[in-house]
Amino acid sequence: MSLAPRAVLVHRRTEYEELLARHGTHGQAAFFLSSRGRSIDEVARRHDRTQQALRDVAAAVPLTWRRSRVERADLDRFLFAPEDVVVVVGQDGLVANAAKYLSGQPVVGIDTDPGRNPGVLVRHRCADTAALLRAATTTGSAVDALTMVEAVADDTQRLVALNEIYLGPPGHQTARYRLGPDTKEAPGEAQASSGVLVGTGTGATGWLRSLWLERGGTTPLPAPGDPRLLWFVREAWPSPATGTSLVSGELGRGQGLRLTVESDRIVVFGDGMESDALELTWGQSVRLGISATALRLVV
């Protein structure tokens, strides 16, 4: 017998919960904010809305389904199964945080604070949950396949991201590396910079867009489902030993960008999740390109 679907509710700690974790009690947190001219009331109201949303979503899961919950900080230790339906309850960024740990499971985005969140990835309301769960398990249901970017190191470490992957120094030092197309004919260019960013169409509304605008925006930004990535080198430094001729470009399906480390340490992380990064040392290389796995967002 095949297993019943499992609804996995993904959420994150609210601002109110983070305040309580730091200050211990509601009263201490309220005093801390009031001493700085701020009120805890709105923070508490947002917390209440999030908790109510989680209750409403949990109540909409069919009784015959299995269910589980995972907090954002535990995503890298949670084992997703092929039959899971992932329900992200929160902000757009939480969908990106979860996406890197998935392998094709359908994702439902529930907006806990309409009007405050852009709703690019969390497109639905709590009341839509039951219908969306049925659609997620129906063959031929409508999903948006959003392109993801992957980094694969020469020691088989792999990382995927929905918005962008950053490669660079762990602090404010200069990263030294060799960068070029992933072909035997291209040895690449020795560079010194503050890092490299490789992003998707979903990430084209954030960090990637700021670099794109900075460079004049000559190459059209990809749409979220386009099989196309853009990459940019941040603050490349010319010197007798390092160049600046390869500072931006585009990658299609099957194309790759290779970076070979020529400094003590470079970190590679996706979608701002620095706590779950690859670490590469002198001589190691990593290939960047379009991931074979796309995020399947239920529409």
# chains A, B, ... in the order shown; residues from 1 in each chain; ligands from 1
>>> select_by_dssp(residues="region 131-203 of chain A", states="helix (DSSP H, G or I)", output="JSON, numbers by chain")
{"A": [131, 132, 133, 134, 135, 136, 202, 203]}
>>> write_last_selection(atoms="N, CA and C atoms", output="compact mmCIF listing (two decimals), in the first residue's frame")
# COMPACT_ATOMS: atom_id res chain seq x y z
N ALA A 131 -8.60 23.28 -0.39
CA ALA A 131 -8.66 23.12 -1.84
C ALA A 131 -7.27 22.97 -2.44
N LEU A 132 -6.31 23.70 -1.90
CA LEU A 132 -4.95 23.63 -2.41
C LEU A 132 -4.31 22.27 -2.12
N LEU A 133 -4.60 21.71 -0.97
CA LEU A 133 -4.06 20.38 -0.65
C LEU A 133 -4.63 19.32 -1.57
N ARG A 134 -5.92 19.43 -1.88
CA ARG A 134 -6.51 18.48 -2.84
C ARG A 134 -5.86 18.64 -4.22
N ALA A 135 -5.65 19.89 -4.62
CA ALA A 135 -5.03 20.15 -5.93
C ALA A 135 -3.60 19.63 -5.98
N ALA A 136 -2.89 19.74 -4.87
CA ALA A 136 -1.49 19.33 -4.84
C ALA A 136 -1.31 17.84 -5.04
N THR A 202 13.38 34.14 -10.00
CA THR A 202 12.70 34.42 -8.73
C THR A 202 13.50 35.41 -7.91
N GLY A 203 14.82 35.31 -7.97
CA GLY A 203 15.68 36.24 -7.24
C GLY A 203 15.87 37.57 -7.93
>>> residues_around(residues="Leu79 (chain A)", least_positions_apart="5", cutoff="12 Å", atoms="only C-alpha atoms", output="PyMOL selection string")
chain A and resi 8+68-70+74+84+98+101-103
>>> write_last_selection(atoms="C-alpha atoms", output="PDB file, in the first residue's frame")
ATOM      1  CA  VAL A   8       4.495  19.346   6.367  1.00  0.00           C
ATOM      2  CA  SER A  68       4.233  17.235  10.678  1.00  0.00           C
ATOM      3  CA  ARG A  69       5.614  20.680  11.538  1.00  0.00           C
ATOM      4  CA  VAL A  70       9.121  22.065  11.124  1.00  0.00           C
ATOM      5  CA  ASP A  74      15.458  22.945  11.817  1.00  0.00           C
ATOM      6  CA  ASP A  84       5.023  15.164   1.265  1.00  0.00           C
ATOM      7  CA  ALA A  98      12.480  25.513   2.393  1.00  0.00           C
ATOM      8  CA  TYR A 101      15.808  21.024   0.937  1.00  0.00           C
ATOM      9  CA  LEU A 102      13.131  19.723  -1.445  1.00  0.00           C
ATOM     10  CA  SER A 103      13.298  17.378  -4.428  1.00  0.00           C
TER      11      SER A 103
END
>>> residues_around(residues="Trp207 (chain A)", least_positions_apart="6", cutoff="12 Å", atoms="only C-alpha atoms", output="PyMOL selection string")
chain A and resi 163-166+196-201+213-214+230-232+234+270-272
>>> residues_around(residues="region 20-31 of chain A", least_positions_apart="5", cutoff="9 Å", atoms="only C-alpha atoms", output="ChimeraX atom specification")
/A:15,36,38-41
>>> residues_around(residues="region 50-57 of chain A", least_positions_apart="6", cutoff="8 Å", atoms="only C-alpha atoms", output="PyMOL selection string")
chain A and resi 14+89-90+112-113+126-127+129
>>> write_last_selection(atoms="C-alpha atoms", output="short mmCIF file (atom, residue, chain, number, x, y, z; two decimals), in the first residue's frame")
data_model
loop_
_atom_site.label_atom_id
_atom_site.label_comp_id
_atom_site.auth_asym_id
_atom_site.auth_seq_id
_atom_site.Cartn_x
_atom_site.Cartn_y
_atom_site.Cartn_z
CA THR A 14 7.73 35.26 15.10
CA VAL A 89 2.94 29.41 6.46
CA GLY A 90 4.59 32.81 6.63
CA THR A 112 -0.11 35.00 7.27
CA ASP A 113 -0.10 38.78 6.95
CA CYS A 126 -5.66 30.21 5.03
CA ALA A 127 -9.20 29.61 3.79
CA THR A 129 -5.74 25.49 2.23
#
>>> closest_residue(among="A:Gln255, A:Ala60, A:Ile266, A:Leu221", to="Gly206 (chain A)", atoms="only C-alpha atoms")
A:Leu221
>>> select_by_dssp(residues="region 126-228 of chain A", states="strand (DSSP E)", output="PyMOL selection string")
chain A and resi 143-146+149-153+158-161+164-168+175-181+189-193+196-199+228
